file model-v2.txt (compact mmCIF, C-alpha atoms)
# COMPACT_ATOMS: atom_id res chain seq x y z
CA MET B 1041 153.14 47.13 108.99
CA PRO B 1042 154.19 48.80 112.28
CA LYS B 1043 151.86 48.44 115.24
CA THR B 1044 153.22 50.71 118.00
CA LYS B 1045 154.05 54.42 117.79
CA GLU B 1046 157.77 53.67 118.18
CA GLU B 1047 157.65 51.23 115.29
CA THR B 1048 155.70 53.74 113.20
CA LEU B 1049 158.32 56.44 113.87
CA THR B 1050 161.16 54.10 112.94
CA TRP B 1051 159.37 53.17 109.76
CA LEU B 1052 158.62 56.80 108.83
CA ARG B 1053 162.25 57.81 109.30
CA LYS B 1054 163.31 54.90 107.14
CA ILE B 1055 161.05 55.85 104.22
CA SER B 1056 161.44 59.65 104.54
CA GLY B 1057 163.92 59.75 101.66
CA GLU B 1058 161.59 57.66 99.53
CA LEU B 1059 158.69 60.01 100.35
CA ALA B 1060 160.76 63.07 99.40
CA THR B 1061 161.77 61.53 96.06
CA ALA B 1062 158.19 60.53 95.29
CA THR B 1063 156.97 64.02 96.21
CA LEU B 1064 159.42 65.74 93.84
CA LYS B 1065 158.39 63.36 91.05
CA ARG B 1066 154.70 64.10 91.69
CA LEU B 1067 155.36 67.85 91.75
CA GLU B 1068 157.05 67.69 88.34
CA ASP B 1069 154.26 65.55 86.89
CA THR B 1070 151.29 67.55 88.20
CA LEU B 1071 152.38 71.21 88.65
CA PRO B 1072 153.36 73.06 85.45
CA TRP B 1073 154.63 76.11 87.36
CA TYR B 1074 157.10 73.85 89.21
CA ARG B 1075 158.42 72.38 85.95
CA ASP B 1076 158.91 75.85 84.46
CA MET B 1077 160.97 77.12 87.39
CA PRO B 1078 164.73 77.68 87.11
CA PRO B 1079 166.76 74.86 88.70
CA GLY B 1080 167.69 76.95 91.74
CA ARG B 1081 164.08 77.83 92.56
CA ARG B 1082 162.94 74.25 91.90
CA SER B 1083 165.57 73.00 94.31
CA ALA B 1084 164.36 75.49 96.97
CA VAL B 1085 160.77 74.26 96.55
CA GLY B 1086 162.03 70.70 96.89
CA LEU B 1087 163.73 71.65 100.14
CA VAL B 1088 160.42 72.96 101.46
CA ALA B 1089 158.69 69.67 100.58
CA GLN B 1090 161.45 67.62 102.23
CA ALA B 1091 161.41 69.86 105.31
CA GLY B 1092 157.65 69.35 105.52
CA ILE B 1093 158.06 65.58 105.60
CA SER B 1094 160.84 65.75 108.21
CA SER B 1095 158.85 68.21 110.29
CA PHE B 1096 155.82 65.91 110.19
CA ILE B 1097 157.87 63.02 111.57
CA SER B 1098 159.16 65.22 114.41
CA TRP B 1099 155.67 66.53 115.07
CA PHE B 1100 154.24 63.00 115.07
CA ASP B 1101 156.83 62.06 117.69
CA ASP B 1102 155.79 65.00 119.95
CA PRO B 1103 153.17 67.51 118.68
CA ARG B 1104 154.10 69.95 121.46
CA SER B 1105 157.76 70.17 120.44
CA THR B 1106 157.19 72.21 117.24
CA PRO B 1107 154.67 74.96 117.96
CA TRP B 1108 155.85 77.01 114.96
CA ILE B 1109 155.55 74.45 112.18
CA ALA B 1110 155.71 77.08 109.44
CA ALA B 1111 159.06 78.34 110.71
CA ASP B 1112 160.46 74.79 110.56
CA VAL B 1113 159.25 74.14 107.05
CA PHE B 1114 159.73 77.49 105.33
CA GLY B 1115 162.99 78.20 107.09
CA ALA B 1116 164.67 75.76 104.69
CA ALA B 1117 163.92 78.02 101.71
CA PRO B 1118 165.53 81.36 100.83
CA ARG B 1119 163.50 84.51 101.56
CA GLU B 1120 163.13 85.37 97.87
CA LEU B 1121 161.06 82.19 97.41
CA LEU B 1122 158.07 84.04 98.91
CA ARG B 1123 158.31 86.54 96.06
CA SER B 1124 158.35 83.88 93.33
CA VAL B 1125 155.86 81.35 94.76
CA SER B 1126 152.33 82.53 95.48
CA LEU B 1127 150.18 81.40 98.39
CA GLN B 1128 148.00 79.43 95.98
CA GLN B 1129 151.05 77.60 94.62
CA THR B 1130 152.25 76.89 98.17
CA LEU B 1131 148.90 75.31 99.04
CA GLN B 1132 149.16 73.20 95.88
CA LEU B 1133 152.61 72.12 97.06
CA ILE B 1134 151.20 71.11 100.45
CA LYS B 1135 148.32 69.23 98.81
CA VAL B 1136 150.65 67.20 96.57
CA THR B 1137 153.00 66.40 99.47
CA VAL B 1138 150.12 65.25 101.70
CA GLU B 1139 148.69 63.10 98.89
CA VAL B 1140 152.04 61.36 98.38
CA VAL B 1141 152.45 60.71 102.10
CA GLU B 1142 148.85 59.47 102.43
CA ASP B 1143 149.28 57.08 99.52
CA ARG B 1144 152.45 55.64 100.98
CA VAL B 1145 151.25 55.26 104.59
CA LYS B 1146 147.59 54.40 103.95
CA ASN B 1147 148.09 51.05 105.70
CA GLY B 1148 149.81 52.60 108.71
CA GLY B 1149 146.69 52.76 110.86
CA GLU B 1150 143.92 55.20 111.70
CA ALA B 1151 146.05 57.22 114.15
CA LEU B 1152 148.67 57.94 111.47
CA ARG B 1153 146.07 59.05 108.92
CA GLU B 1154 144.46 61.40 111.46
CA ALA B 1155 147.89 62.79 112.30
CA ILE B 1156 148.54 63.51 108.62
CA LEU B 1157 145.21 65.35 108.28
CA LEU B 1158 145.83 67.39 111.42
CA TYR B 1159 149.38 68.24 110.41
CA SER B 1160 148.34 69.26 106.88
CA ARG B 1161 145.75 71.61 108.39
CA GLU B 1162 148.36 73.13 110.69
CA ILE B 1163 150.90 73.55 107.90
CA ALA B 1164 148.29 75.20 105.64
CA PHE B 1165 147.44 77.71 108.35
CA GLY B 1166 151.14 78.16 109.00
CA ALA B 1167 151.77 78.93 105.31
CA ALA B 1168 148.96 81.48 105.32
CA ASP B 1169 150.53 83.08 108.39
CA VAL B 1170 153.95 83.29 106.69
CA TYR B 1171 152.46 84.99 103.62
CA ALA B 1172 150.32 87.29 105.74
CA ARG B 1173 153.39 88.45 107.67
CA ALA B 1174 155.29 88.97 104.43
CA ALA B 1175 152.39 90.97 102.98
CA GLU B 1176 152.16 93.07 106.13
CA ALA B 1177 155.88 93.79 106.05
CA ARG B 1178 155.64 94.70 102.36
CA GLY B 1179 152.65 96.94 103.09
CA LEU B 1180 154.55 98.80 105.81
CA TRP B 1181 157.54 99.18 103.50
CA ASP B 1182 155.32 100.45 100.67
CA ALA B 1183 153.70 102.97 103.04
CA ARG B 1184 157.11 104.28 104.12
CA LEU B 1185 158.32 104.43 100.52
CA GLU B 1186 155.13 106.24 99.43
CA ALA B 1187 155.55 108.76 102.25
CA LEU B 1188 159.16 109.33 101.14
CA VAL B 1189 158.11 109.90 97.52
CA VAL B 1190 155.32 112.33 98.50
CA ASP B 1191 157.72 114.19 100.79
CA SER B 1192 160.22 114.48 97.91
CA ILE B 1193 157.47 115.89 95.69
CA LEU B 1194 156.41 118.45 98.31
CA THR B 1195 159.96 119.64 98.97
CA GLY B 1196 161.08 119.43 95.35
CA GLU B 1197 164.27 117.65 96.45
CA TYR B 1198 164.65 114.97 93.81
CA ASP B 1199 167.45 112.49 93.24
CA ASP B 1200 168.21 109.86 90.61
CA GLU B 1201 166.42 107.19 92.65
CA LEU B 1202 162.98 108.87 92.55
CA PRO B 1203 161.82 107.22 89.28
CA SER B 1204 162.78 103.77 90.58
CA ARG B 1205 160.99 104.43 93.87
CA ILE B 1206 157.87 105.48 91.99
CA ALA B 1207 158.07 102.35 89.84
CA ALA B 1208 158.48 100.19 92.96
CA LEU B 1209 155.16 101.55 94.25
CA GLY B 1210 153.38 100.29 91.13
CA TRP B 1211 152.42 103.77 89.90
CA HIS B 1212 149.98 103.45 86.98
CA GLY B 1213 149.68 107.13 86.15
CA HIS B 1214 150.42 108.46 82.68
CA GLY B 1215 150.83 112.01 81.47
CA GLU B 1216 149.57 114.98 83.46
CA VAL B 1217 149.66 115.11 87.23
CA SER B 1218 148.01 117.38 89.80
CA VAL B 1219 148.37 117.66 93.57
CA LEU B 1220 145.39 117.90 95.94
CA VAL B 1221 145.90 119.28 99.47
CA GLY B 1222 143.39 119.25 102.30
CA THR B 1223 142.93 118.40 105.95
CA ALA B 1224 143.53 114.82 107.08
CA PRO B 1225 140.44 113.17 108.63
CA LYS B 1226 140.53 111.57 112.05
CA MET B 1227 140.09 108.13 110.47
CA LEU B 1228 141.89 108.03 107.13
CA ASP B 1229 140.54 105.35 104.75
CA VAL B 1230 143.39 104.95 102.28
CA ASP B 1231 141.75 102.01 100.48
CA GLN B 1232 138.58 104.00 99.82
CA LEU B 1233 140.61 106.85 98.32
CA ARG B 1234 142.39 104.42 96.02
CA ARG B 1235 139.13 102.75 94.99
CA THR B 1236 137.57 106.12 94.19
CA ALA B 1237 140.62 107.11 92.14
CA ARG B 1238 140.54 103.84 90.17
CA HIS B 1239 136.84 104.39 89.48
CA MET B 1240 137.79 107.75 87.93
CA SER B 1241 140.60 106.14 85.86
CA ALA B 1242 143.25 107.72 88.06
CA ASP B 1243 146.04 106.66 90.38
CA VAL B 1244 147.09 108.39 93.59
CA LEU B 1245 150.08 108.67 95.88
CA ILE B 1246 148.96 109.45 99.43
CA GLY B 1247 150.91 111.25 102.12
CA VAL B 1248 150.03 112.72 105.50
CA GLN B 1249 152.03 115.80 106.50
CA GLY B 1250 150.99 116.66 110.05
CA SER B 1251 147.34 117.67 109.82
CA ARG B 1252 147.44 117.86 106.01
CA LEU B 1253 146.47 115.12 103.61
CA VAL B 1254 148.27 115.29 100.26
CA LEU B 1255 147.22 113.35 97.16
CA VAL B 1256 149.33 113.24 94.02
CA ILE B 1257 146.85 112.41 91.24
CA GLY B 1258 147.68 111.00 87.82
CA ARG B 1259 145.47 109.63 85.09
CA ALA B 1260 145.70 105.86 84.71
CA TRP B 1261 144.74 103.73 81.72
CA PRO B 1262 143.73 100.07 81.57
CA SER B 1263 146.74 97.76 81.38
CA ASN B 1264 145.64 96.40 77.99
CA SER B 1265 145.45 99.80 76.29
CA ALA B 1266 147.93 102.52 75.53
CA PRO B 1267 147.36 106.11 76.72
CA ASP B 1268 146.80 107.33 73.14
CA ASP B 1269 144.12 104.69 72.55
CA ALA B 1270 142.40 105.63 75.82
CA ILE B 1271 142.39 109.31 74.90
CA GLY B 1272 140.72 108.57 71.60
CA ALA B 1273 138.20 106.20 73.13
CA THR B 1274 136.86 108.27 76.02
CA PRO B 1275 137.04 111.96 76.95
CA LEU B 1276 139.53 112.86 79.67
CA VAL B 1277 138.12 113.36 83.14
CA SER B 1278 139.29 116.69 84.52
CA PHE B 1279 141.37 116.78 87.66
CA MET B 1280 138.69 118.94 89.27
CA GLU B 1281 136.12 116.18 88.67
CA ILE B 1282 138.51 113.64 90.21
CA ALA B 1283 139.12 115.96 93.18
CA THR B 1284 135.37 116.37 93.66
CA GLN B 1285 134.93 112.61 93.89
CA LEU B 1286 137.86 112.33 96.35
CA GLU B 1287 136.56 115.18 98.53
CA PRO B 1288 134.62 112.98 101.02
CA GLY B 1289 137.89 111.28 101.98
CA PHE B 1290 139.27 114.52 103.45
CA GLY B 1291 138.60 116.12 106.78
CA ALA B 1292 136.74 119.39 107.34
CA GLY B 1293 138.38 122.51 105.96
CA HIS B 1294 139.60 123.81 102.65
CA LEU B 1295 140.61 121.59 99.74
CA VAL B 1296 142.95 123.02 97.10
CA LEU B 1297 143.92 121.52 93.74
CA GLY B 1298 147.22 122.52 92.15
CA HIS B 1299 147.57 123.16 88.43
CA GLU B 1300 148.33 120.34 85.97
CA VAL B 1301 151.96 119.53 85.22
CA PRO B 1302 153.26 117.28 82.40
CA THR B 1303 154.81 114.46 84.46
CA LEU B 1304 155.09 113.13 87.97
CA VAL B 1305 158.66 114.44 88.23
CA ASP B 1306 157.24 117.98 87.78
CA ALA B 1307 154.62 117.49 90.50
CA SER B 1308 156.49 119.71 92.97
CA LYS B 1309 155.30 122.79 91.03
CA SER B 1310 151.67 121.74 91.42
CA ALA B 1311 152.32 120.87 95.07
CA LYS B 1312 153.79 124.30 95.83
CA ALA B 1313 150.77 126.02 94.28
CA ALA B 1314 148.33 123.77 96.17
CA LEU B 1315 150.13 124.27 99.50
CA ALA B 1316 150.26 128.04 99.00
CA GLY B 1317 146.55 128.09 98.15
CA PHE B 1318 145.69 125.92 101.15
CA ALA B 1319 147.51 128.36 103.44
CA VAL B 1320 145.44 131.38 102.26
CA ALA B 1321 142.08 129.80 101.32
CA LYS B 1322 140.53 131.12 104.54
CA ALA B 1323 140.86 134.66 103.11
CA TRP B 1324 138.18 133.89 100.49
CA ARG B 1325 134.89 134.06 102.36
CA ASN B 1326 132.94 131.82 99.97
CA CYS B 1327 135.80 129.61 98.89
CA PRO B 1328 134.44 126.49 97.16
CA ARG B 1329 135.58 122.98 98.07
CA PRO B 1330 137.59 121.88 96.17
CA VAL B 1331 139.07 125.01 94.61
CA HIS B 1332 141.75 125.54 92.00
CA ALA B 1333 144.97 127.01 93.37
CA ASP B 1334 144.93 129.51 90.48
CA ASP B 1335 141.59 130.84 91.71
CA LEU B 1336 143.47 131.97 94.83
CA LEU B 1337 146.16 133.91 92.97
CA PRO B 1338 145.37 137.31 94.60
CA GLU B 1339 145.51 135.90 98.14
CA ARG B 1340 148.65 133.94 97.35
CA ALA B 1341 150.35 136.99 95.87
CA LEU B 1342 149.46 139.10 98.91
CA ALA B 1343 150.93 136.38 101.13
CA GLY B 1344 154.23 136.64 99.27
CA ASP B 1345 153.95 133.64 96.96
CA GLY B 1346 156.43 134.28 94.14
CA LEU B 1347 154.87 131.60 91.96
CA ALA B 1348 151.48 133.36 92.17
CA ARG B 1349 153.01 136.71 91.23
CA ALA B 1350 154.81 135.14 88.28
CA THR B 1351 151.59 133.44 87.18
CA LEU B 1352 149.63 136.70 87.31
CA ILE B 1353 152.28 138.47 85.27
CA ASN B 1354 152.98 135.74 82.71
CA ARG B 1355 149.40 134.61 82.14
CA ILE B 1356 147.50 137.91 82.38
CA TYR B 1357 149.55 141.11 82.38
CA ARG B 1358 152.15 140.38 79.72
CA PRO B 1359 149.81 138.62 77.25
CA LEU B 1360 147.49 141.66 77.33
CA GLN B 1361 150.41 144.06 77.12
CA SER B 1362 151.93 142.30 74.12
CA HIS B 1363 148.55 141.81 72.42
CA SER B 1364 147.21 145.35 72.67
CA THR B 1365 147.83 148.28 75.00
CA GLU B 1366 144.27 149.33 74.14
CA LEU B 1367 142.88 146.22 75.83
CA LEU B 1368 145.14 146.76 78.83
CA THR B 1369 144.04 150.38 79.21
CA THR B 1370 140.38 149.47 78.84
CA LEU B 1371 140.68 146.80 81.52
CA TRP B 1372 142.40 149.27 83.88
CA CYS B 1373 139.66 151.83 83.40
CA TYR B 1374 136.87 149.28 83.73
CA LEU B 1375 138.20 147.98 87.04
CA ASP B 1376 139.02 151.46 88.39
CA ASN B 1377 135.48 152.60 87.63
CA GLY B 1378 133.85 149.83 89.65
CA ARG B 1379 133.12 147.66 86.58
CA SER B 1380 130.80 150.28 85.12
CA LEU B 1381 130.54 150.19 81.32
CA GLU B 1382 129.16 153.76 81.10
CA ALA B 1383 131.81 155.30 83.33
CA THR B 1384 134.57 153.48 81.43
CA ALA B 1385 133.13 154.62 78.10
CA ARG B 1386 133.03 158.25 79.28
CA GLU B 1387 136.65 158.14 80.45
CA LEU B 1388 137.84 156.59 77.19
CA PHE B 1389 135.50 158.69 74.98
CA VAL B 1390 134.06 155.59 73.31
CA HIS B 1391 130.67 153.91 73.10
CA PRO B 1392 129.73 151.40 75.87
CA ASN B 1393 129.43 148.71 73.19
CA THR B 1394 133.09 149.32 72.34
CA VAL B 1395 134.01 148.75 75.97
CA ARG B 1396 131.89 145.60 75.98
CA TYR B 1397 133.64 144.34 72.82
CA ARG B 1398 137.10 145.05 74.24
CA LEU B 1399 136.30 143.20 77.47
CA LYS B 1400 135.17 140.23 75.39
CA ARG B 1401 138.52 140.35 73.58
CA VAL B 1402 140.32 140.44 76.96
CA SER B 1403 138.50 137.26 77.95
CA GLU B 1404 139.45 135.59 74.67
CA VAL B 1405 143.14 136.49 75.07
CA ILE B 1406 143.71 135.47 78.70
CA GLY B 1407 140.72 133.25 79.59
CA TRP B 1408 139.43 135.37 82.51
CA ASP B 1409 136.19 137.35 82.36
CA ALA B 1410 136.44 140.81 83.89
CA THR B 1411 132.66 141.11 84.33
CA GLY B 1412 132.69 138.49 87.13
CA ALA B 1413 133.41 139.70 90.66
CA ARG B 1414 135.98 137.04 91.56
CA GLU B 1415 137.76 137.10 88.20
CA ALA B 1416 137.82 140.88 88.30
CA LEU B 1417 139.76 140.65 91.57
CA ILE B 1418 142.25 138.28 89.94
CA LEU B 1419 142.68 140.60 86.96
CA GLN B 1420 143.11 143.68 89.15
CA ALA B 1421 145.77 141.84 91.18
CA ALA B 1422 147.53 140.96 87.92
CA LEU B 1423 147.52 144.58 86.77
CA ILE B 1424 148.92 145.76 90.11
CA VAL B 1425 151.63 143.09 90.28
CA GLY B 1426 152.50 143.54 86.62
CA SER B 1427 152.83 147.32 86.97
CA ILE B 1428 155.09 146.91 90.01
CA ALA B 1429 157.28 144.54 88.03
CA GLU B 1430 157.66 146.97 85.13
CA PRO B 1431 161.02 148.76 84.97
CA ASP B 1432 160.89 152.41 86.04
CA ALA B 1433 160.35 154.82 83.13
CA PRO B 1434 163.18 157.33 82.55
CA ARG B 1435 162.53 160.70 84.13
CA ARG B 1436 162.15 163.78 82.00
CA PRO B 1437 165.07 166.18 82.10

call {"tool": "encode", "arguments": {"input": "model-v2.txt", "output": "structure tokens"}}
result
Amino acid sequence: MPKTKEETLTWLRKISGELATATLKRLEDTLPWYRDMPPGRRSAVGLVAQAGISSFISWFDDPRSTPWIAADVFGAAPRELLRSVSLQQTLQLIKVTVEVVEDRVKNGGEALREAILLYSREIAFGAADVYARAAEARGLWDARLEALVVDSILTGEYDDELPSRIAALGWHGHGEVSVLVGTAPKMLDVDQLRRTARHMSADVLIGVQGSRLVLVIGRAWPSNSAPDDAIGATPLVSFMEIATQLEPGFGAGHLVLGHEVPTLVDASKSAKAALAGFAVAKAWRNCPRPVHADDLLPERALAGDGLARATLINRIYRPLQSHSTELLTTLWCYLDNGRSLEATARELFVHPNTVRYRLKRVSEVIGWDATGAREALILQAALIVGSIAEPDAPRRP
């Protein structure tokens, strides 16, 4: 066996090919994931192992000459190898290679064995550094892609690539979607928001627009169950409950939840409602946090929001008008008389119980209760907007 360092180097260079061949044989015998790889990927992994052996010989000659060992070793493999080989598999590869080299050079002296141990430690740390850099780059790319998707949802400017971008982000949402808009905190904890959403069986897309924090929320089911099975197994958590749990992740100020829409592609409608509500929430003195955008319909309509006016007309005015003009007239009178049952009954020449019954029917038809102060404001706004939208009646000759 060699005695001096020069003799050891000459011997190592002579057996480097033998070490590479033995390493590839050991990889195929001991690592199932290596055997199952396509030939091209297996060849790339073999190049990494061979580069590791060659790099060790160069490092043993002069440890100061190769400060970036990982770059030497992993530079021999194509970039896509990082996507197909995990960090755990890479460490297994290093372990097998070191074992083969140790077995072959076990009689090469104490200095050589110590060099192998030191080099294997350095290469393991180097591999971790390579994967950490790749993960960081992927994280930055995902953040930019997520910001682009959220911006597309807010503006409503979609293209054919949006579904693929959403899929690339690993979106797990199914079915209905709602958009939550609030103030961005000084220190945004994105991971905490995602953990909270997962705890509520939801998934979120997160975007920061200036001082606003925007969350696109979708319900998510376990990977081993279909959405229909999940619906039958457990009751759906409302988006307002999810928003309430996410509320601590927002900064001070108002928090507005848009209405539900069927799919993520339709989320721009919910986003427009939430943004419009966020802009006028300060006009409601006791505005809750979070609040439904539809609870801010009067303020939104006064601010010129066309979607709010259309909602007031289509969900309140026209359903009452088509159901019964009697209910519409009773509601008008009740609101004009300061929500007084007796005054309304006198104007309509009916009993107060009749007014009470008709108001109950109004609530059943449209879902809003005129006896509540806030809902009465919404209903009065609907009557005003609906009347303005009515075509002018023909004048009498």

call {"tool": "atom_distance", "arguments": {"input": "model-v2.txt", "atom1": "CA of Leu1157 (chain B)", "atom2": "CA of Met1077 (chain B)"}}
result
28.7 Å

call {"tool": "closest_residue", "arguments": {"input": "model-v2.txt", "among": "B:Leu1304, B:Gly1222, B:Met1280, B:His1294", "to": "Val1190 (chain B)", "atoms": "only C-alpha atoms"}}
result
B:Leu1304

call {"tool": "atom_distance", "arguments": {"input": "model-v2.txt", "atom1": "CA of Val1141 (chain B)", "atom2": "CA of Ile1163 (chain B)"}}
result
14.2 Å

call {"tool": "residues_around", "arguments": {"input": "model-v2.txt", "residues": "Ile1257 (chain B)", "least_positions_apart": "3", "cutoff": "8 Å", "atoms": "only C-alpha atoms", "output": "PDB file with C-alpha atoms, keeping the file's coordinate frame"}}
result
ATOM      1  CA  GLY B1213     149.680 107.130  86.150  1.00  0.00           C
ATOM      2  CA  VAL B1217     149.660 115.110  87.230  1.00  0.00           C
ATOM      3  CA  SER B1218     148.010 117.380  89.800  1.00  0.00           C
ATOM      4  CA  VAL B1219     148.370 117.660  93.570  1.00  0.00           C
ATOM      5  CA  LEU B1220     145.390 117.900  95.940  1.00  0.00           C
ATOM      6  CA  ALA B1242     143.250 107.720  88.060  1.00  0.00           C
ATOM      7  CA  ASP B1243     146.040 106.660  90.380  1.00  0.00           C
ATOM      8  CA  VAL B1244     147.090 108.390  93.590  1.00  0.00           C
ATOM      9  CA  LEU B1245     150.080 108.670  95.880  1.00  0.00           C
ATOM     10  CA  PHE B1279     141.370 116.780  87.660  1.00  0.00           C
TER      11      PHE B1279
END

call {"tool": "residues_near_point", "arguments": {"input": "model-v2.txt", "point": "(137.2, 156.7, 76.8)", "cutoff": "12 Å", "atoms": "only C-alpha atoms", "output": "short mmCIF file (atom, residue, chain, number, x, y, z; two decimals) with C-alpha atoms, keeping the file's coordinate frame"}}
result
data_model
loop_
_atom_site.label_atom_id
_atom_site.label_comp_id
_atom_site.auth_asym_id
_atom_site.auth_seq_id
_atom_site.Cartn_x
_atom_site.Cartn_y
_atom_site.Cartn_z
CA GLU B 1366 144.27 149.33 74.14
CA LEU B 1367 142.88 146.22 75.83
CA THR B 1369 144.04 150.38 79.21
CA THR B 1370 140.38 149.47 78.84
CA LEU B 1371 140.68 146.80 81.52
CA TRP B 1372 142.40 149.27 83.88
CA CYS B 1373 139.66 151.83 83.40
CA TYR B 1374 136.87 149.28 83.73
CA ASN B 1377 135.48 152.60 87.63
CA LEU B 1381 130.54 150.19 81.32
CA GLU B 1382 129.16 153.76 81.10
CA ALA B 1383 131.81 155.30 83.33
CA THR B 1384 134.57 153.48 81.43
CA ALA B 1385 133.13 154.62 78.10
CA ARG B 1386 133.03 158.25 79.28
CA GLU B 1387 136.65 158.14 80.45
CA LEU B 1388 137.84 156.59 77.19
CA PHE B 1389 135.50 158.69 74.98
CA VAL B 1390 134.06 155.59 73.31
CA HIS B 1391 130.67 153.91 73.10
CA PRO B 1392 129.73 151.40 75.87
CA ASN B 1393 129.43 148.71 73.19
CA THR B 1394 133.09 149.32 72.34
CA VAL B 1395 134.01 148.75 75.97
CA ARG B 1398 137.10 145.05 74.24
#

call {"tool": "residues_around", "arguments": {"input": "model-v2.txt", "residues": "Asp1229 (chain B)", "least_positions_apart": "4", "cutoff": "10 Å", "atoms": "all atoms listed in the file", "output": "list in words"}}
result
Pro1225, Leu1233, Arg1234, Gly1289 and Phe1290 of chain B

call {"tool": "axis_aligned_box", "arguments": {"input": "model-v2.txt", "around": "region 1311-1322 of chain B", "padding_each_side": "4 Å", "output": "lines of an AutoDock Vina configuration file"}}
result
center_x = 147.2
center_y = 126.1
center_z = 99.4
size_x = 21.3
size_y = 18.5
size_z = 18.3

call {"tool": "closest_residue", "arguments": {"input": "model-v2.txt", "among": "B:Gly1210, B:Pro1328, B:Gly1298, B:Gly1291", "to": "Leu1315 (chain B)", "atoms": "only C-alpha atoms"}}
result
B:Gly1298

call {"tool": "build_atoms", "arguments": {"input": "model-v2.txt", "residues": "region 1404-1420 of chain B", "atoms": "N, CA and C atoms", "output": "compact mmCIF listing (two decimals), in the frame of the given file"}}
result
# COMPACT_ATOMS: atom_id res chain seq x y z
N GLU B 1404 138.96 136.53 75.68
CA GLU B 1404 139.45 135.59 74.67
C GLU B 1404 140.97 135.44 74.73
N VAL B 1405 141.67 136.51 75.06
CA VAL B 1405 143.14 136.49 75.07
C VAL B 1405 143.67 135.76 76.29
N ILE B 1406 143.11 136.01 77.47
CA ILE B 1406 143.71 135.47 78.70
C ILE B 1406 142.84 134.42 79.39
N GLY B 1407 141.57 134.29 79.00
CA GLY B 1407 140.72 133.25 79.59
C GLY B 1407 139.98 133.66 80.84
N TRP B 1408 140.17 134.88 81.34
CA TRP B 1408 139.43 135.37 82.51
C TRP B 1408 138.42 136.43 82.08
N ASP B 1409 137.26 136.42 82.70
CA ASP B 1409 136.19 137.35 82.36
C ASP B 1409 136.13 138.46 83.40
N ALA B 1410 136.38 139.68 82.96
CA ALA B 1410 136.44 140.81 83.89
C ALA B 1410 135.09 141.20 84.44
N THR B 1411 133.98 140.71 83.85
CA THR B 1411 132.66 141.11 84.33
C THR B 1411 132.24 140.32 85.57
N GLY B 1412 132.98 139.26 85.93
CA GLY B 1412 132.69 138.49 87.13
C GLY B 1412 133.44 139.07 88.32
N ALA B 1413 132.81 139.06 89.49
CA ALA B 1413 133.41 139.70 90.66
C ALA B 1413 134.73 139.05 91.05
N ARG B 1414 134.76 137.72 91.14
CA ARG B 1414 135.98 137.04 91.56
C ARG B 1414 137.09 137.17 90.53
N GLU B 1415 136.74 137.00 89.25
CA GLU B 1415 137.76 137.10 88.20
C GLU B 1415 138.25 138.53 88.05
N ALA B 1416 137.38 139.49 88.34
CA ALA B 1416 137.82 140.88 88.30
C ALA B 1416 138.90 141.13 89.35
N LEU B 1417 138.74 140.52 90.52
CA LEU B 1417 139.76 140.65 91.57
C LEU B 1417 141.08 140.06 91.10
N ILE B 1418 141.03 138.91 90.44
CA ILE B 1418 142.25 138.28 89.94
C ILE B 1418 142.92 139.18 88.90
N LEU B 1419 142.12 139.74 88.01
CA LEU B 1419 142.68 140.60 86.96
C LEU B 1419 143.26 141.88 87.55
N GLN B 1420 142.58 142.46 88.53
CA GLN B 1420 143.11 143.68 89.15
C GLN B 1420 144.43 143.39 89.87
